[in-house]
Amino acid sequence: MTATHEAPPVAAARVDDVVKPPPKVARRALITAIQVLVVGAFLALWEVASRQEWIDPLLFGRPSEVWTAFFDYVPSEAGVDSLKATMTAVAMAFVIGSVVGTLAGLILGLSKWADDIFGPFLVPLNSIPRIALAPMFIAWFGLTTEAKVFLAVTIVFFILAENARSAVKSVDPDLMTMAKVVGLKRASLLWKVVLPSAVPTLFAGLRLTFTYSLLGVIASEMIAATSGVGQDIVLYSSGYQINTVFAIIIELVIVAVVLNAVFQAVERRLLRWQD
């Protein structure tokens with residue numbers, strides 16, 4: 001008797017096997033191309049609408065003139081001095097707010113007593129509109145860099161404090177228990193267990209707080225200052241030089257994007273041990 005062997009059933013071809021998704025590089029290139037097309041279409045529509053006076057060029061500007069204003073303002077002595085004044089205040093606010101806020105958050109996360117006493121104050125204090133504090137800081141410090149710095153610090157501090165506290169509390173409880181069992185004291189526990197586990201969350205907070213420190217300084221300069229990019233925005237806006245205002249905004253966007261990329265690069269380098 002001859003054994004018969006049945007052919008194995010042919011699996012139905014799946015859509016994913018027939019139409020394979022494009023490689024990662026191709027997908028990224030496609031997304032970038034679409035983004036460029038969207039931005040280009042928007043700028044073209046804006047240019048046409050301004051030239052045809054569907055919108056008032058005096059109030060809405062024109063992309064071609066924004067381009068000219070950008071290269072007139074940014075390299076100019078006034079533009080460089082304003083950016084230097086703003087970024088100096090941003091750097092000071094970021095460093096002070098980040099250090100103090102992170103330390104406060106680590107203390108609140110590690111000490112239940114401190115968290116129970118001071119933790120409830122974070123939300124109500126952080127809900128105070130910072131713009132409302134600007135006149136007080138100007139009255140206390142005058143039209144100085146310190147007034148801008150302290151306003152921005154009040155924003156950065158609370159974000160980093162809450163971020164660091166949450167990062168500590170999110171550490172694996174079993175890991176904390178094991179570290180205590182093997183005899184790690186508070187300082188060793190912080191350096192060997194808590195900080196390595198909290199680094200990703202802390203860096204995410206640092207990238208966010210840089211943006212907010214920039215916003216705080218710009219807002220303070222727009223209210224009252226003797227120099228800075230925010231003061232230039234108010235000056236050119238009041239003179240209906242809208243193209244220059246857009247040029248300044250683009251400059252700030254470029255600065256924020258570049259520094260955010262730097263933070264991401266540093267973060268990836270510090271987190272290589274996780275790979």
# chains A, B, ... in the order shown; residues from 1 in each chain; ligands from 1
$ residues_around --residues "A:Leu103" --least-positions-apart "2" --cutoff "10 Å" --atoms "only C-alpha atoms" --output "list of chain:residue names"
A:Gly97, A:Ser98, A:Val99, A:Val100, A:Gly101, A:Gly105, A:Leu106, A:Ile107, A:Leu108, A:Gly109, A:Phe157, A:Leu160, A:Ala161, A:Ala164, A:Arg165
$ write_last_selection --atoms "C-alpha atoms" --output "PDB file, in the first residue's frame"
ATOM      1  CA  GLY A  97      16.015  76.855  38.484  1.00  0.00           C
ATOM      2  CA  SER A  98      17.206  73.410  37.385  1.00  0.00           C
ATOM      3  CA  VAL A  99      19.673  72.920  40.247  1.00  0.00           C
ATOM      4  CA  VAL A 100      17.388  74.203  42.999  1.00  0.00           C
ATOM      5  CA  GLY A 101      14.267  72.579  41.566  1.00  0.00           C
ATOM      6  CA  GLY A 105      12.291  67.386  44.058  1.00  0.00           C
ATOM      7  CA  LEU A 106      14.828  64.752  45.115  1.00  0.00           C
ATOM      8  CA  ILE A 107      14.375  65.710  48.764  1.00  0.00           C
ATOM      9  CA  LEU A 108      10.589  65.520  48.464  1.00  0.00           C
ATOM     10  CA  GLY A 109      10.823  62.170  46.702  1.00  0.00           C
ATOM     11  CA  PHE A 157      11.778  75.547  39.684  1.00  0.00           C
ATOM     12  CA  LEU A 160      11.815  70.456  37.841  1.00  0.00           C
ATOM     13  CA  ALA A 161      10.720  69.960  41.458  1.00  0.00           C
ATOM     14  CA  ALA A 164      12.306  65.084  40.071  1.00  0.00           C
ATOM     15  CA  ARG A 165       9.843  64.088  42.791  1.00  0.00           C
TER      16      ARG A 165
END
$ select_by_dssp --residues "stretch 20-90 of chain A" --states "alpha helix (DSSP H)" --output "ChimeraX atom specification"
/A:24-51,57-60,63-73,77-90
$ residues_around --residues "A:Glu251" --least-positions-apart "5" --cutoff "9 Å" --atoms "only C-alpha atoms" --output "ChimeraX atom specification"
/A:70,74,246,256
$ residues_around --residues "A:Ala85" --least-positions-apart "4" --cutoff "10 Å" --atoms "only C-alpha atoms" --output "VMD selection string"
chain A and resid 79 to 81 89 to 90 145 217 226 to 229
$ closest_residue --among "A:Val66, A:Ala139, A:Ala33, A:Ile55" --to "A:Val245" --atoms "only C-alpha atoms"
A:Val66
$ residues_around --residues "A:Leu151" --least-positions-apart "2" --cutoff "9 Å" --atoms "only C-alpha atoms" --output "list of chain:residue names"
A:Ala93, A:Arg130, A:Ile131, A:Leu133, A:Ala134, A:Phe137, A:Glu146, A:Ala147, A:Lys148, A:Val149, A:Val153, A:Thr154, A:Ile155, A:Ser213, A:Gly216, A:Val217, A:Ala219, A:Ser220
$ atom_distance --atom1 "atom CA of A:Ser238" --atom2 "atom CA of A:Ala224"
14.3 Å
$ closest_residue --among "A:Leu215, A:Leu43, A:Ala104, A:Ala114" --to "A:Arg62" --atoms "only C-alpha atoms"
A:Leu43
